[in-house]
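What follows is a short report on a single structure.
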Amino acid sequence: MQEFNNAIMKAELEDLRGAGFHFTWNNMRVGIGAISKKLDRALGNWNWFKMMGDTYAQYHPPGISDHSPVSIQLRQMQPYRGRPFKFLNFWAESDNFFHTVKQEWDKTYSGSPLIAIHKKLKSLKGLLKKFCTRPNSRAKELRLNLYSVQQEMMNGAVDLSMVERERQLRQEVRRAARSEEAFFKQKSRIQWLKEGDSNSAYFHGMVKIRQSKNHIVMIRNEAGAWVELEADIAQVGVDHFRRTMESPGDRVSSVYNLESYGKQISGEQRRSLGCPISR
């Protein structure tokens with residue numbers, strides 16, 4: 001078994017997202033002697049997740065067999081949906097980052113400190129999204145420029161300006177590579193692996209795997225029936241939360257009743273939350 005697991009790891013295979021039966025094998029016994037396990041798996045390498053990331057494995061009823069058959073379900077490419085804003089760590093490495101944040105934070109807005117902070121964050125979110133392009137695009141562009149300069153130098157076009165240009169591009173490529181790696185590490189959520197020159201491809205592969213698994217292929221509705229179409233899945237979620245929010249229930253008679261729960265911050269602490277940003 002250890003040799004088999006080592007072979008899977010060496011081939012860089014990962015489980016496809018699955019639906020249907022969780023246990024794929026049983027010993028066909030009943031009572032305390034009954035055993036069920038997930039023995040059958042559908043695997044894909046990183047190229048599979050990159051090219052066929054919307055596929056998933058469907059585990060079917062076993063019928064007269066002790067194993068459940070599995071089929072790979074091909075889905076149409078799912079349209080991109082908006083995602084909640086997420087701060088990307090590599091933004092802070094830019095020379096213009098602090099100036100951009102400070103300039104926006106120094107603006108004044110009407111309303112309570114909480115409303116002012118909300119408006120500042122909302123405005124800053126749009127600025128940060130335009131602030132930097134994806135670091136992998138920037139790194140790719142810089143590498144191509146470096147290769148072009150080095151090719152010209154190899155062909156004999158060598159002068160002091162060309163040498164200086166090549167030196168600057170080397171430094172920019174190194175910085176862009178570090179930002180690229182930090183970007184993919186953050187998106188992959190792999191925290192146990194230290195950043196290094198050889199890890200960018202691994203982080204990028206894990207991002208593709210997470211993206212392929214980060215969707216709902218089917219869900220059970222209120223009537224107990226399985227729903228698979230994307231529009232129907234979304235409607236199940238809408239209906240669920242509408243029923244939850246609209247149903248009557250116990251309500252707190254006054255927000256002041258919450259004062260007896262937990263620790264409270266002092267007036268000085270509240271005022272400090274609205275202080276200007278500083279280093």
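Ordering of the structure tokens sets the chain letters (A, B, ...); residue numbers start at 1 within each chain; ligands are numbered from 1 in the order shown.
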> Leaving out stretch 2-13 of chain A and any residue of its chain fewer than 5 positions from it, which residues lie within 8 Å of it when counting only C-alpha atoms, given as an MDAnalysis selection string?
Replying inline: chainID A and resid 43:46
Export of prior selection with N, CA and C atoms as a CSV table (one decimal), in the first residue's frame:
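Final output, out_9.csv:
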chain,number,residue,atom,x,y,z
A,43,LEU,N,-8.9,9.8,-10.3
A,43,LEU,CA,-7.7,10.6,-10.0
A,43,LEU,C,-7.4,11.4,-11.3
A,44,GLY,N,-6.8,12.6,-11.1
A,44,GLY,CA,-6.3,13.4,-12.2
A,44,GLY,C,-5.0,14.1,-11.9
A,45,ASN,N,-4.2,14.4,-12.9
A,45,ASN,CA,-3.0,15.1,-12.7
A,45,ASN,C,-3.3,16.6,-12.8
A,46,TRP,N,-2.3,17.4,-12.7
A,46,TRP,CA,-2.5,18.9,-12.7
A,46,TRP,C,-2.9,19.3,-14.1
Could you make a table, as JSON lines, of the residues of stretch 51-161 of chain A that have an atom within 10 Å of an atom of stretch 16-31 of chain A, each with its nearest atom pair and distance in Å to one decimal, counting only C-alpha atoms, in chain and number order?
{"residue": "A:Gly53", "atom": "CA", "partner": "A:Leu16", "partner_atom": "CA", "distance": 8.8}
{"residue": "A:Asp54", "atom": "CA", "partner": "A:Arg17", "partner_atom": "CA", "distance": 9.2}
{"residue": "A:Thr55", "atom": "CA", "partner": "A:Leu16", "partner_atom": "CA", "distance": 7.8}
{"residue": "A:Tyr56", "atom": "CA", "partner": "A:Arg17", "partner_atom": "CA", "distance": 5.0}
{"residue": "A:Ala57", "atom": "CA", "partner": "A:Gly18", "partner_atom": "CA", "distance": 4.6}
{"residue": "A:Gln58", "atom": "CA", "partner": "A:Ala19", "partner_atom": "CA", "distance": 5.0}
{"residue": "A:Tyr59", "atom": "CA", "partner": "A:Gly20", "partner_atom": "CA", "distance": 4.9}
{"residue": "A:His60", "atom": "CA", "partner": "A:Gly20", "partner_atom": "CA", "distance": 6.2}
{"residue": "A:Pro61", "atom": "CA", "partner": "A:Phe21", "partner_atom": "CA", "distance": 6.9}
{"residue": "A:Pro62", "atom": "CA", "partner": "A:Thr24", "partner_atom": "CA", "distance": 7.8}
{"residue": "A:Ile64", "atom": "CA", "partner": "A:Met28", "partner_atom": "CA", "distance": 9.6}
{"residue": "A:Ser65", "atom": "CA", "partner": "A:Trp25", "partner_atom": "CA", "distance": 8.8}
{"residue": "A:Asp66", "atom": "CA", "partner": "A:Trp25", "partner_atom": "CA", "distance": 5.5}
{"residue": "A:His67", "atom": "CA", "partner": "A:Trp25", "partner_atom": "CA", "distance": 4.6}
{"residue": "A:Ser68", "atom": "CA", "partner": "A:Thr24", "partner_atom": "CA", "distance": 4.8}
{"residue": "A:Pro69", "atom": "CA", "partner": "A:Thr24", "partner_atom": "CA", "distance": 7.8}
{"residue": "A:Val70", "atom": "CA", "partner": "A:Thr24", "partner_atom": "CA", "distance": 8.8}
{"residue": "A:Ser71", "atom": "CA", "partner": "A:Gly18", "partner_atom": "CA", "distance": 10.0}
{"residue": "A:Ile72", "atom": "CA", "partner": "A:Leu16", "partner_atom": "CA", "distance": 9.0}
{"residue": "A:Gln73", "atom": "CA", "partner": "A:Gly18", "partner_atom": "CA", "distance": 9.7}
Please dump the current selection as a PDB file, in the first residue's frame; keep N, CA and C atoms.
ATOM      1  N   GLY A  53     -11.149  21.063 -15.463  1.00  0.00           N
ATOM      2  CA  GLY A  53     -11.424  21.333 -14.056  1.00  0.00           C
ATOM      3  C   GLY A  53     -12.887  21.272 -13.670  1.00  0.00           C
ATOM      4  N   ASP A  54     -13.801  21.332 -14.646  1.00  0.00           N
ATOM      5  CA  ASP A  54     -15.230  21.310 -14.331  1.00  0.00           C
ATOM      6  C   ASP A  54     -15.809  19.899 -14.297  1.00  0.00           C
ATOM      7  N   THR A  55     -14.989  18.889 -14.491  1.00  0.00           N
ATOM      8  CA  THR A  55     -15.476  17.510 -14.443  1.00  0.00           C
ATOM      9  C   THR A  55     -15.533  17.027 -12.995  1.00  0.00           C
ATOM     10  N   TYR A  56     -16.297  15.972 -12.784  1.00  0.00           N
ATOM     11  CA  TYR A  56     -16.352  15.359 -11.455  1.00  0.00           C
ATOM     12  C   TYR A  56     -16.665  13.876 -11.599  1.00  0.00           C
ATOM     13  N   ALA A  57     -16.395  13.121 -10.552  1.00  0.00           N
ATOM     14  CA  ALA A  57     -16.617  11.676 -10.556  1.00  0.00           C
ATOM     15  C   ALA A  57     -17.976  11.366  -9.939  1.00  0.00           C
ATOM     16  N   GLN A  58     -18.768  10.573 -10.648  1.00  0.00           N
ATOM     17  CA  GLN A  58     -20.077  10.151 -10.155  1.00  0.00           C
ATOM     18  C   GLN A  58     -19.987   8.684  -9.746  1.00  0.00           C
ATOM     19  N   TYR A  59     -20.225   8.400  -8.466  1.00  0.00           N
ATOM     20  CA  TYR A  59     -20.184   7.026  -7.950  1.00  0.00           C
ATOM     21  C   TYR A  59     -21.614   6.487  -7.903  1.00  0.00           C
ATOM     22  N   HIS A  60     -21.847   5.402  -8.649  1.00  0.00           N
ATOM     23  CA  HIS A  60     -23.193   4.882  -8.857  1.00  0.00           C
ATOM     24  C   HIS A  60     -23.510   3.741  -7.885  1.00  0.00           C
ATOM     25  N   PRO A  61     -24.795   3.357  -7.784  1.00  0.00           N
ATOM     26  CA  PRO A  61     -25.166   2.206  -6.961  1.00  0.00           C
ATOM     27  C   PRO A  61     -24.448   0.943  -7.437  1.00  0.00           C
ATOM     28  N   PRO A  62     -24.036   0.062  -6.519  1.00  0.00           N
ATOM     29  CA  PRO A  62     -23.240  -1.111  -6.905  1.00  0.00           C
ATOM     30  C   PRO A  62     -24.030  -2.211  -7.595  1.00  0.00           C
ATOM     31  N   ILE A  64     -25.464  -5.635  -8.192  1.00  0.00           N
ATOM     32  CA  ILE A  64     -25.151  -6.964  -7.644  1.00  0.00           C
ATOM     33  C   ILE A  64     -23.675  -7.095  -7.288  1.00  0.00           C
ATOM     34  N   SER A  65     -22.877  -6.087  -7.583  1.00  0.00           N
ATOM     35  CA  SER A  65     -21.443  -6.134  -7.302  1.00  0.00           C
ATOM     36  C   SER A  65     -21.158  -5.597  -5.907  1.00  0.00           C
ATOM     37  N   ASP A  66     -19.951  -5.855  -5.432  1.00  0.00           N
ATOM     38  CA  ASP A  66     -19.550  -5.275  -4.153  1.00  0.00           C
ATOM     39  C   ASP A  66     -18.809  -3.951  -4.343  1.00  0.00           C
ATOM     40  N   HIS A  67     -18.628  -3.533  -5.596  1.00  0.00           N
ATOM     41  CA  HIS A  67     -17.986  -2.258  -5.902  1.00  0.00           C
ATOM     42  C   HIS A  67     -18.957  -1.345  -6.635  1.00  0.00           C
ATOM     43  N   SER A  68     -18.877  -0.054  -6.343  1.00  0.00           N
ATOM     44  CA  SER A  68     -19.691   0.929  -7.061  1.00  0.00           C
ATOM     45  C   SER A  68     -18.962   1.362  -8.330  1.00  0.00           C
ATOM     46  N   PRO A  69     -19.632   1.327  -9.470  1.00  0.00           N
ATOM     47  CA  PRO A  69     -18.996   1.845 -10.692  1.00  0.00           C
ATOM     48  C   PRO A  69     -18.860   3.358 -10.606  1.00  0.00           C
ATOM     49  N   VAL A  70     -17.874   3.885 -11.292  1.00  0.00           N
ATOM     50  CA  VAL A  70     -17.631   5.326 -11.295  1.00  0.00           C
ATOM     51  C   VAL A  70     -17.526   5.811 -12.730  1.00  0.00           C
ATOM     52  N   SER A  71     -18.121   6.931 -13.005  1.00  0.00           N
ATOM     53  CA  SER A  71     -18.033   7.547 -14.328  1.00  0.00           C
ATOM     54  C   SER A  71     -17.612   8.998 -14.167  1.00  0.00           C
ATOM     55  N   ILE A  72     -16.927   9.511 -15.161  1.00  0.00           N
ATOM     56  CA  ILE A  72     -16.486  10.903 -15.149  1.00  0.00           C
ATOM     57  C   ILE A  72     -17.522  11.743 -15.880  1.00  0.00           C
ATOM     58  N   GLN A  73     -18.103  12.686 -15.174  1.00  0.00           N
ATOM     59  CA  GLN A  73     -19.138  13.540 -15.738  1.00  0.00           C
ATOM     60  C   GLN A  73     -18.497  14.802 -16.326  1.00  0.00           C
TER      61      GLN A  73
END
>> For the structure I just gave you, how does DSSP split stretch 1-133 of chain A - specifically, which residues are alpha helix (DSSP H)? Reply as a PyMOL selection string.
In response: chain A and resi 2-10+46-51+97-105+113-131
Using N, CA and C atoms, can you write the selected residues to a file as a compact mmCIF listing (two decimals), in the first residue's frame?
# COMPACT_ATOMS: atom_id res chain seq x y z
N GLN A 2 1.97 1.23 0.74
CA GLN A 2 2.85 2.38 0.78
C GLN A 2 3.46 2.65 -0.59
N GLU A 3 3.82 1.58 -1.30
CA GLU A 3 4.39 1.75 -2.65
C GLU A 3 3.35 2.36 -3.59
N PHE A 4 2.09 1.93 -3.44
CA PHE A 4 1.02 2.48 -4.27
C PHE A 4 0.82 3.97 -3.99
N ASN A 5 0.81 4.34 -2.71
CA ASN A 5 0.66 5.75 -2.35
C ASN A 5 1.84 6.58 -2.85
N ASN A 6 3.04 6.01 -2.79
CA ASN A 6 4.22 6.72 -3.29
C ASN A 6 4.11 6.94 -4.80
N ALA A 7 3.57 5.94 -5.51
CA ALA A 7 3.41 6.08 -6.96
C ALA A 7 2.41 7.20 -7.29
N ILE A 8 1.33 7.28 -6.52
CA ILE A 8 0.34 8.35 -6.73
C ILE A 8 0.96 9.72 -6.48
N MET A 9 1.74 9.83 -5.42
CA MET A 9 2.37 11.10 -5.11
C MET A 9 3.39 11.49 -6.17
N LYS A 10 4.16 10.50 -6.64
CA LYS A 10 5.18 10.79 -7.65
C LYS A 10 4.54 11.22 -8.96
N TRP A 46 -2.26 17.42 -12.69
CA TRP A 46 -2.48 18.86 -12.71
C TRP A 46 -2.94 19.35 -14.07
N ASN A 47 -2.47 18.71 -15.14
CA ASN A 47 -2.93 19.10 -16.47
C ASN A 47 -4.42 18.81 -16.63
N TRP A 48 -4.88 17.72 -16.02
CA TRP A 48 -6.31 17.40 -16.08
C TRP A 48 -7.12 18.50 -15.41
N PHE A 49 -6.71 18.89 -14.21
CA PHE A 49 -7.45 19.93 -13.49
C PHE A 49 -7.39 21.26 -14.22
N LYS A 50 -6.31 21.50 -14.94
CA LYS A 50 -6.19 22.74 -15.70
C LYS A 50 -7.11 22.76 -16.90
N MET A 51 -7.18 21.62 -17.62
CA MET A 51 -7.95 21.55 -18.86
C MET A 51 -9.39 21.10 -18.64
N PHE A 97 2.09 51.32 -2.71
CA PHE A 97 0.98 50.76 -1.92
C PHE A 97 0.62 51.67 -0.74
N PHE A 98 1.59 52.01 0.09
CA PHE A 98 1.30 52.79 1.29
C PHE A 98 0.73 54.15 0.92
N HIS A 99 1.28 54.77 -0.12
CA HIS A 99 0.79 56.08 -0.54
C HIS A 99 -0.67 55.99 -0.97
N THR A 100 -1.02 54.94 -1.70
CA THR A 100 -2.40 54.76 -2.17
C THR A 100 -3.36 54.58 -1.00
N VAL A 101 -2.97 53.75 -0.04
CA VAL A 101 -3.82 53.50 1.12
C VAL A 101 -3.96 54.77 1.96
N LYS A 102 -2.85 55.45 2.21
CA LYS A 102 -2.89 56.66 3.05
C LYS A 102 -3.72 57.75 2.40
N GLN A 103 -3.58 57.92 1.09
CA GLN A 103 -4.34 58.95 0.38
C GLN A 103 -5.84 58.72 0.50
N GLU A 104 -6.25 57.47 0.39
CA GLU A 104 -7.68 57.16 0.51
C GLU A 104 -8.14 57.26 1.95
N TRP A 105 -7.28 56.85 2.89
CA TRP A 105 -7.67 56.84 4.30
C TRP A 105 -7.77 58.25 4.87
N PRO A 113 -18.21 56.81 12.70
CA PRO A 113 -16.90 56.22 12.36
C PRO A 113 -17.03 54.88 11.64
N LEU A 114 -18.03 54.08 12.02
CA LEU A 114 -18.21 52.78 11.38
C LEU A 114 -18.60 52.95 9.91
N ILE A 115 -19.51 53.89 9.64
CA ILE A 115 -19.93 54.15 8.25
C ILE A 115 -18.76 54.71 7.45
N ALA A 116 -17.97 55.59 8.07
CA ALA A 116 -16.81 56.17 7.38
C ALA A 116 -15.80 55.10 7.01
N ILE A 117 -15.54 54.17 7.94
CA ILE A 117 -14.61 53.08 7.65
C ILE A 117 -15.14 52.21 6.52
N HIS A 118 -16.44 51.94 6.55
CA HIS A 118 -17.05 51.12 5.50
C HIS A 118 -16.87 51.78 4.13
N LYS A 119 -17.09 53.09 4.05
CA LYS A 119 -16.95 53.79 2.77
C LYS A 119 -15.50 53.82 2.31
N LYS A 120 -14.59 53.99 3.25
CA LYS A 120 -13.16 53.99 2.89
C LYS A 120 -12.73 52.62 2.36
N LEU A 121 -13.16 51.57 3.02
CA LEU A 121 -12.80 50.22 2.58
C LEU A 121 -13.40 49.91 1.22
N LYS A 122 -14.63 50.35 1.00
CA LYS A 122 -15.28 50.11 -0.29
C LYS A 122 -14.55 50.82 -1.42
N SER A 123 -14.17 52.07 -1.17
CA SER A 123 -13.43 52.83 -2.19
C SER A 123 -12.04 52.25 -2.40
N LEU A 124 -11.39 51.86 -1.30
CA LEU A 124 -10.03 51.33 -1.39
C LEU A 124 -10.00 49.99 -2.12
N LYS A 125 -11.06 49.23 -1.98
CA LYS A 125 -11.13 47.94 -2.65
C LYS A 125 -11.01 48.10 -4.16
N GLY A 126 -11.73 49.07 -4.70
CA GLY A 126 -11.67 49.30 -6.14
C GLY A 126 -10.30 49.77 -6.59
N LEU A 127 -9.65 50.61 -5.77
CA LEU A 127 -8.31 51.09 -6.12
C LEU A 127 -7.29 49.96 -6.10
N LEU A 128 -7.39 49.08 -5.11
CA LEU A 128 -6.42 47.99 -5.01
C LEU A 128 -6.58 46.99 -6.14
N LYS A 129 -7.82 46.78 -6.59
CA LYS A 129 -8.02 45.85 -7.70
C LYS A 129 -7.36 46.36 -8.97
N LYS A 130 -7.32 47.68 -9.14
CA LYS A 130 -6.66 48.27 -10.30
C LYS A 130 -5.17 48.52 -10.04
N PHE A 131 -4.79 48.35 -8.80
CA PHE A 131 -3.45 48.74 -8.37
C PHE A 131 -2.36 47.91 -9.04
